[in-house]
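J.: Sharing a structure here in structure tokens format.
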Amino acid sequence: MQEAPAIVTVVTSDEIRDRQFVTIQQIADTVPGWYRAGLLHGNLETPLVRGQAQAVQFLHDSLSLFDPNINSASTHRGQPMELIKRVEMITGPGGVLWGSNSLVGILNVITKDADDVDGLEIGGRAGGGLGDRSNGHAYAMYGNPNLLDGKVKLFLHGSVDSYKGAGIELPTLLSNQSAPQPNGPSVYGPLTLSDQPRSLLFNLNGKLSIGKLQFRVAYPLGTKQQYAALSGSPVRETIPGDDVCSVETPPVGCIDPLKTSRQLVADSFDRYGVAEYRTRFADGKAGLTAKAYFVEFARSFSPLQIIAPSASVVGGANFFVQNKTYRTGANIDGDAQVAKTLRLQYGVEAFTEWKPVDTKRALGTGTEATFAGPQPISRLPILCPRKYNPTSGKVELLDGCPLVFSFEASRSVFGAYINPQWRPKKTLILDAGARLQVAPEALGKLSYPVNATLAATAVWNFIPNWYAKVNYAQGFRPPAFNNAASNGVAVQFAAPATLAVENSDATQFEVNARIFKGDRRIRELSFRADAAYTRLTNLIQIQSSQYKNTGSRALTTGELLAKLYVQGGHRLELGYSYLQGTTSDKGKLRNMPEHWFNLSGVWNLADGKLTATSNMRIAGASEDPNRLVEYRNNTYGEMGNAAGVIEVQTTDLVMDRLPPTAEISLGLTWTPIERLAINATVYNALKGHFYQPDAFYDYEPRLEYLPNPYEGFRAYISAMYSY
């Protein structure tokens with residue numbers, strides 16, 4: 001990492017175990033420059049990097065899992081922590097080595113294999129609290145690295161998660177203007193605690209290695225229930241009046257007699273199969289990796305709640321859509337020691353990605369959406385397809401109002417890169433690279449011209465154990481399918497005729513060191529301090545109810561990550577981030593804190609038997625553009641109707657100040673015997689009330705009308721046994 005031509009952070013499985021991380025989002029939250037967030041009221045859980053949303057290239061074992069349809073990375077609790085061998089994170093663009101979609105950051109999850117387990121390991125976790133109610137996780141892993149005298153290796157993993165999820169208080173959204181024109185008046189009811197149905201997630205993973213050939217499969221599935229609609233209305237499985245409305249002939253005044261608006265399912269799963277061949281030759285001076293793969297990106301809303309049920313919108317408003325996308329391709333990566341001082345990396349790739357057509361009754365070709373509410377369906381404020389009924393002699397709405405959610409989309413991509421690394425002397429490394437990538441117009445519904453990406457780095461070992469890096473890197477991201485092929489007459493923002501590729505470039509400087517080794521009680525102090533200036537151009541955002549390329553951004557950042565290892569098995573870690581951004585269309589970015597840091601520790605309380613972990617996260621203030629909603633005096637009527645309502649106009653805008661926050665987590669690990677570990681962890685131990693940044697920072701809020709809370713207090717007990 002000290003010599004790597006990028007800003008790199010690695011979190012190992014030992015650190016994950018010692019610090020008792022429960023989700024991959026919590027890992028990212030401790031890395032300088034990264035920030036845990038859930039976009040659109042938690043429906044899209046994705047870490048922000050340098051304050052930017054949807055700017056991360058997510059990978060499994062270096063396989064790109066970038067969702068080409070809606071750019072929704074599956075960096076949620078569906079990623080089992082016990083499966084992770086290490087997490088490699090690059091802060092900054094990485095377009096040369098990683099290709100498209102590595103706009104500002106890379107998150108590569110390296111999973112365990114047979115050698116890492118070598119036997120059977122089982123474990124489980126249970127917990128609760130308003131921040132994560134009634135949750136449970138269980139898993140089993142098996143690894144055998146010695147089949148057929150070591151020629152064959154087998155790894156298997158299976159896990160199950162069941163949880164109620166966070167309880168979040170928000171006012172109920174009773175009516176508003178849906179996309180693509182969401183800026184009409186909104187009507188709110190009482191403050192309501194979410195009580196969504198239970199989620200159930202399964203994960204199945206396997207690796208089979210035969211000599212130099214490895215096969216990998218991952219098949220997650222299940223139902224992932226969310227606590228709030230996209231626009232922030234809390235989801236509830238039960239509402240007042242259910243006892244009298246759940247009859248064959250419900251009385252007048254029931255707001256959801258068919259129970260159509262009781263959940264929001266936002267599934268996000270990446271299923272893949274990979275065949276990979278690795279070899280080294282020329283006395284180990286050259287290597288080659290060839291990979292073929294198939295990926296299914298399952299992104300379904302079944303249903304997606306828009307408006308809560310009320311007397312004016314019986315049954316609420318919600319729709320069902322299956323957003324499945326596929327990618328298949330192959331790539332070859334190689335390296336060679338060309339001369340004593342010259343090393344060369346190179347690679348080629350080709351893949352095609354597409355969104356299948358599933359329209360059956362909608363008027364058009366693409367992905368079909370159907371509505372279960374409101375009741376009757378004629379209350380929808382959009383045009384629905386109709387047909388002539390010869391029996392009644394009338395033109396009637398098609399049942400469920402089938403509409404094209406987004407049109408047919410496909411893209412074929414070809415790319416190649418070369419990356420020479422020259423070491424003119426032992427203390428100096430010069431690294432440069434270039435990539436060409438293109439999506440030909442003749443091979444897909446969507447395309448982009450030849451895109452050239454460059455990078456260059458100098459690494460200087462100026463004194464023993466001290467390194468300085470100067471780095472310039474570029475990245476790019478082509479438009480997601482949903483940006484370029486959305487249907488603007490459905491519940492969607494419209495796609496323009498053309499969208500340009502988004503681009504990034506960053507100039508970065510870093511100093512890192514590993515010092516004080518064995519000095520008194522210090523085993524080692526390692527740190528990196530870096531500063532960067534990042535530019536983003538052609539960013540795709542929503543303007544005038546349409547996806548458009550918008551103004552440029554300039555981001556000035558500074559980061560510090562320091563780790564102190566002390567004799568006796570103790571460790572301290574400090575991560576600090578500074579961020580200041582300006583844009584040509586919105587001025588200064590105030591939606592993120594300018595300063596935040598984590599101070600964490602692992603303490604060996606009883607040698608080899610009892611350890612403790614702690615983390616304190618401090619974040620500065622930020623601002624959040626919202627609508628002004630006064631909901632404190634609203635109450636519910638007998639059947640769930642709002643006794644009073646608050647109407648909010650488009651001009652009732654406010655810039656909410658989100659105050660500085662301090663969050664503390666604590667944990668203990670007891671190891672009564674060598675192969676058994678028992679953990680107890682508390683998150684948000686001070687029961688603080690925190691709000692997530694609005695990553696899109698819309699002055700006229702279109703979807704996030706209110707501050708989006710983080711989870712409250714939650715606690716877990718877990719155990720792991722291996723043999």
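Residues are named by chain letter and number: chains run A, B, ... in the order of the structure tokens, numbers start at 1 in each chain, and ligands are numbered from 1 in the order shown.
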Would you give me, as CSV, each residue of region 213-267 of chain A having an atom within 10 Å of an atom of region 44-55 of chain A, along with its shortest atom pair and that distance in Å to one decimal, using only C-alpha atoms and sorting by chain and residue number?
T.:
```
residue,atom,partner,partner_atom,distance
A:Gln226,CA,A:Leu44,CA,9.9
A:Leu230,CA,A:Leu44,CA,9.4
A:Ala266,CA,A:Leu44,CA,8.4
A:Asp267,CA,A:Leu44,CA,9.8
```
J.: Could those residues be written to a file, using C-alpha atoms, as a compact mmCIF listing (two decimals), in the first residue's frame?
T.:
```txt
# COMPACT_ATOMS: atom_id res chain seq x y z
CA GLN A 226 -37.82 -0.56 3.66
CA LEU A 230 -39.04 7.22 -1.71
CA ALA A 266 -36.66 -2.57 -2.66
CA ASP A 267 -34.66 -5.68 -3.49
```
J.: Please identify all polymer residues within 9 Å of region 539-555 of chain A, counting only C-alpha atoms, omitting same-chain residues fewer than 3 positions from it, and present them as JSON, numbers by chain.
T.: {"A": [50, 51, 179, 180, 181, 182, 479, 483, 484, 488, 492, 493, 494, 495, 496, 498, 499, 500, 501, 502, 503, 532, 533, 534, 535, 536, 579, 580, 581, 582, 583, 584, 585, 586, 696, 698, 702]}
J.: Which is closer to Gln508 (chain A) than all the others in A:Thr91, A:Ser246, A:Ser577, A:Thr365, using only C-alpha atoms?
T.: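 Looking only at the distances to Gln508 (chain A), the closest residue turns out to be A:Thr91.
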J.: Tell me which protein, DNA and RNA residues are within 12 Å of Ser62 (chain A), counting only C-alpha atoms, leaving out same-chain ones fewer than 5 positions away, and put them as a ChimeraX atom specification.
T.: /A:57,87-89,97-99,106-111,274,276,289,291,293,331,333
J.: May I have the selected residues written with N, CA, C and O atoms, as a PDB file, in the first residue's frame?
T.:
```pdb
ATOM      1  N   GLN A  57     -17.386   2.455  -7.676  1.00  0.00           N
ATOM      2  CA  GLN A  57     -17.347   1.205  -8.432  1.00  0.00           C
ATOM      3  C   GLN A  57     -17.273   0.062  -7.422  1.00  0.00           C
ATOM      4  O   GLN A  57     -16.287  -0.069  -6.698  1.00  0.00           O
ATOM      5  N   VAL A  87     -11.364  -5.881   2.494  1.00  0.00           N
ATOM      6  CA  VAL A  87     -11.998  -4.866   1.662  1.00  0.00           C
ATOM      7  C   VAL A  87     -10.918  -3.897   1.214  1.00  0.00           C
ATOM      8  O   VAL A  87     -10.203  -3.324   2.044  1.00  0.00           O
ATOM      9  N   GLU A  88     -10.784  -3.735  -0.099  1.00  0.00           N
ATOM     10  CA  GLU A  88      -9.812  -2.812  -0.674  1.00  0.00           C
ATOM     11  C   GLU A  88     -10.558  -1.587  -1.184  1.00  0.00           C
ATOM     12  O   GLU A  88     -11.466  -1.709  -2.000  1.00  0.00           O
ATOM     13  N   MET A  89     -10.174  -0.420  -0.688  1.00  0.00           N
ATOM     14  CA  MET A  89     -10.871   0.806  -1.046  1.00  0.00           C
ATOM     15  C   MET A  89      -9.886   1.808  -1.630  1.00  0.00           C
ATOM     16  O   MET A  89      -8.841   2.087  -1.024  1.00  0.00           O
ATOM     17  N   LEU A  97      -7.243   1.332 -14.659  1.00  0.00           N
ATOM     18  CA  LEU A  97      -7.233  -0.087 -14.323  1.00  0.00           C
ATOM     19  C   LEU A  97      -8.627  -0.678 -14.224  1.00  0.00           C
ATOM     20  O   LEU A  97      -8.835  -1.849 -14.550  1.00  0.00           O
ATOM     21  N   TRP A  98      -9.606   0.111 -13.776  1.00  0.00           N
ATOM     22  CA  TRP A  98     -10.921  -0.448 -13.477  1.00  0.00           C
ATOM     23  C   TRP A  98     -11.973  -0.108 -14.516  1.00  0.00           C
ATOM     24  O   TRP A  98     -13.084  -0.629 -14.451  1.00  0.00           O
ATOM     25  N   GLY A  99     -11.683   0.765 -15.442  1.00  0.00           N
ATOM     26  CA  GLY A  99     -12.619   1.037 -16.533  1.00  0.00           C
ATOM     27  C   GLY A  99     -13.752   1.955 -16.142  1.00  0.00           C
ATOM     28  O   GLY A  99     -13.646   2.778 -15.220  1.00  0.00           O
ATOM     29  N   ILE A 106     -13.416   3.265  -5.495  1.00  0.00           N
ATOM     30  CA  ILE A 106     -13.531   1.841  -5.793  1.00  0.00           C
ATOM     31  C   ILE A 106     -13.626   1.091  -4.473  1.00  0.00           C
ATOM     32  O   ILE A 106     -12.848   1.333  -3.547  1.00  0.00           O
ATOM     33  N   LEU A 107     -14.583   0.174  -4.394  1.00  0.00           N
ATOM     34  CA  LEU A 107     -14.769  -0.665  -3.218  1.00  0.00           C
ATOM     35  C   LEU A 107     -14.761  -2.112  -3.690  1.00  0.00           C
ATOM     36  O   LEU A 107     -15.717  -2.575  -4.312  1.00  0.00           O
ATOM     37  N   ASN A 108     -13.671  -2.809  -3.408  1.00  0.00           N
ATOM     38  CA  ASN A 108     -13.469  -4.176  -3.889  1.00  0.00           C
ATOM     39  C   ASN A 108     -13.508  -5.126  -2.696  1.00  0.00           C
ATOM     40  O   ASN A 108     -12.626  -5.079  -1.826  1.00  0.00           O
ATOM     41  N   VAL A 109     -14.523  -5.992  -2.639  1.00  0.00           N
ATOM     42  CA  VAL A 109     -14.657  -6.986  -1.575  1.00  0.00           C
ATOM     43  C   VAL A 109     -13.975  -8.275  -2.028  1.00  0.00           C
ATOM     44  O   VAL A 109     -14.383  -8.876  -3.025  1.00  0.00           O
ATOM     45  N   ILE A 110     -12.933  -8.675  -1.326  1.00  0.00           N
ATOM     46  CA  ILE A 110     -12.262  -9.942  -1.581  1.00  0.00           C
ATOM     47  C   ILE A 110     -12.858 -10.982  -0.629  1.00  0.00           C
ATOM     48  O   ILE A 110     -12.805 -10.808   0.597  1.00  0.00           O
ATOM     49  N   THR A 111     -13.438 -12.029  -1.174  1.00  0.00           N
ATOM     50  CA  THR A 111     -14.132 -13.014  -0.352  1.00  0.00           C
ATOM     51  C   THR A 111     -13.196 -14.162   0.031  1.00  0.00           C
ATOM     52  O   THR A 111     -12.184 -14.424  -0.621  1.00  0.00           O
ATOM     53  N   VAL A 274     -18.637 -17.021 -12.329  1.00  0.00           N
ATOM     54  CA  VAL A 274     -17.353 -16.605 -12.879  1.00  0.00           C
ATOM     55  C   VAL A 274     -16.481 -17.839 -13.100  1.00  0.00           C
ATOM     56  O   VAL A 274     -16.427 -18.727 -12.243  1.00  0.00           O
ATOM     57  N   GLU A 276     -12.455 -18.360 -13.878  1.00  0.00           N
ATOM     58  CA  GLU A 276     -11.224 -17.574 -13.914  1.00  0.00           C
ATOM     59  C   GLU A 276     -10.006 -18.497 -13.965  1.00  0.00           C
ATOM     60  O   GLU A 276      -9.921 -19.473 -13.209  1.00  0.00           O
ATOM     61  N   THR A 289      -4.244 -13.518 -16.197  1.00  0.00           N
ATOM     62  CA  THR A 289      -5.542 -13.875 -15.627  1.00  0.00           C
ATOM     63  C   THR A 289      -6.599 -13.689 -16.701  1.00  0.00           C
ATOM     64  O   THR A 289      -6.727 -12.599 -17.269  1.00  0.00           O
ATOM     65  N   LYS A 291     -10.749 -14.241 -17.513  1.00  0.00           N
ATOM     66  CA  LYS A 291     -11.994 -14.356 -16.764  1.00  0.00           C
ATOM     67  C   LYS A 291     -13.183 -14.249 -17.712  1.00  0.00           C
ATOM     68  O   LYS A 291     -13.213 -13.393 -18.602  1.00  0.00           O
ATOM     69  N   TYR A 293     -17.592 -14.269 -17.343  1.00  0.00           N
ATOM     70  CA  TYR A 293     -18.573 -14.096 -16.268  1.00  0.00           C
ATOM     71  C   TYR A 293     -19.963 -13.808 -16.819  1.00  0.00           C
ATOM     72  O   TYR A 293     -20.137 -13.408 -17.976  1.00  0.00           O
ATOM     73  N   ASN A 331     -12.539 -10.815 -19.800  1.00  0.00           N
ATOM     74  CA  ASN A 331     -11.395  -9.910 -19.803  1.00  0.00           C
ATOM     75  C   ASN A 331     -10.115 -10.693 -19.552  1.00  0.00           C
ATOM     76  O   ASN A 331     -10.132 -11.781 -18.958  1.00  0.00           O
ATOM     77  N   ASP A 333      -6.169  -9.947 -18.112  1.00  0.00           N
ATOM     78  CA  ASP A 333      -5.243  -9.026 -17.468  1.00  0.00           C
ATOM     79  C   ASP A 333      -3.896  -9.721 -17.331  1.00  0.00           C
ATOM     80  O   ASP A 333      -3.832 -10.905 -16.947  1.00  0.00           O
TER      81      ASP A 333
END
```
J.: I'd like the neighbourhood of Pro197 (chain A) as a list in words, where a residue qualifies if any of its atoms comes within 8 Å (using only C-alpha atoms), though same-chain residues fewer than 2 positions away should be ignored.
T.: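 Near neighbours after the sequence-gap exclusion: Lys164, Asp195, Ser199, Gln225, Arg236, Glu237, Arg262 and Gln263 of chain A.
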J.: Mind giving me the straight-line distance from CA of Val654 (chain A) to CA of Ala695 (chain A) in Å, one decimal?
T.: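 Separating CA of Val654 (chain A) from CA of Ala695 (chain A) is a distance of 16.6 Å.
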J.: Under the rule that only C-alpha atoms are counted, which of A:Ala350, A:Val459, A:Val247, A:Leu666 is the nearest residue to Ser412 (chain A)?
T.: A:Ala350
J.: Excluding same-chain residues fewer than 6 positions from Ile515 (chain A), what lies within 10 Å of it counting only C-alpha atoms, as an MDAnalysis selection string?
T.: chainID A and resid 464:466 522:527 564
J.: Keeping only C-alpha atoms, write those residues as a PDB file, in the first residue's frame.
T.:
```pdb
ATOM      1  CA  PRO A 464      13.480   4.840   5.195  1.00  0.00           C
ATOM      2  CA  ASN A 465       9.836   3.870   5.818  1.00  0.00           C
ATOM      3  CA  TRP A 466       8.576   7.256   4.510  1.00  0.00           C
ATOM      4  CA  ILE A 522       4.982   0.990  20.574  1.00  0.00           C
ATOM      5  CA  ARG A 523       4.917  -1.882  18.094  1.00  0.00           C
ATOM      6  CA  GLU A 524       4.296   0.432  15.141  1.00  0.00           C
ATOM      7  CA  LEU A 525       2.722   3.705  14.098  1.00  0.00           C
ATOM      8  CA  SER A 526       1.528   3.805  10.504  1.00  0.00           C
ATOM      9  CA  PHE A 527      -0.266   6.674   8.848  1.00  0.00           C
ATOM     10  CA  LEU A 564      -1.045   2.924  16.478  1.00  0.00           C
TER      11      LEU A 564
END
```
J.: Mind giving me the straight-line distance from CA of Pro356 (chain A) to CA of Ala330 (chain A) in Å, one decimal?
T.: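 Spanning CA of Pro356 (chain A) to CA of Ala330 (chain A) is a straight-line distance of 20.5 Å.
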J.: Ranking A:Tyr272, A:Asn634, A:Thr223, A:Thr192 by minimum distance to Leu204 (chain A) and counting only C-alpha atoms, which one comes first?
T.: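 Between A:Tyr272, A:Asn634, A:Thr223, A:Thr192, the residue approaching Leu204 (chain A) most closely is A:Tyr272.
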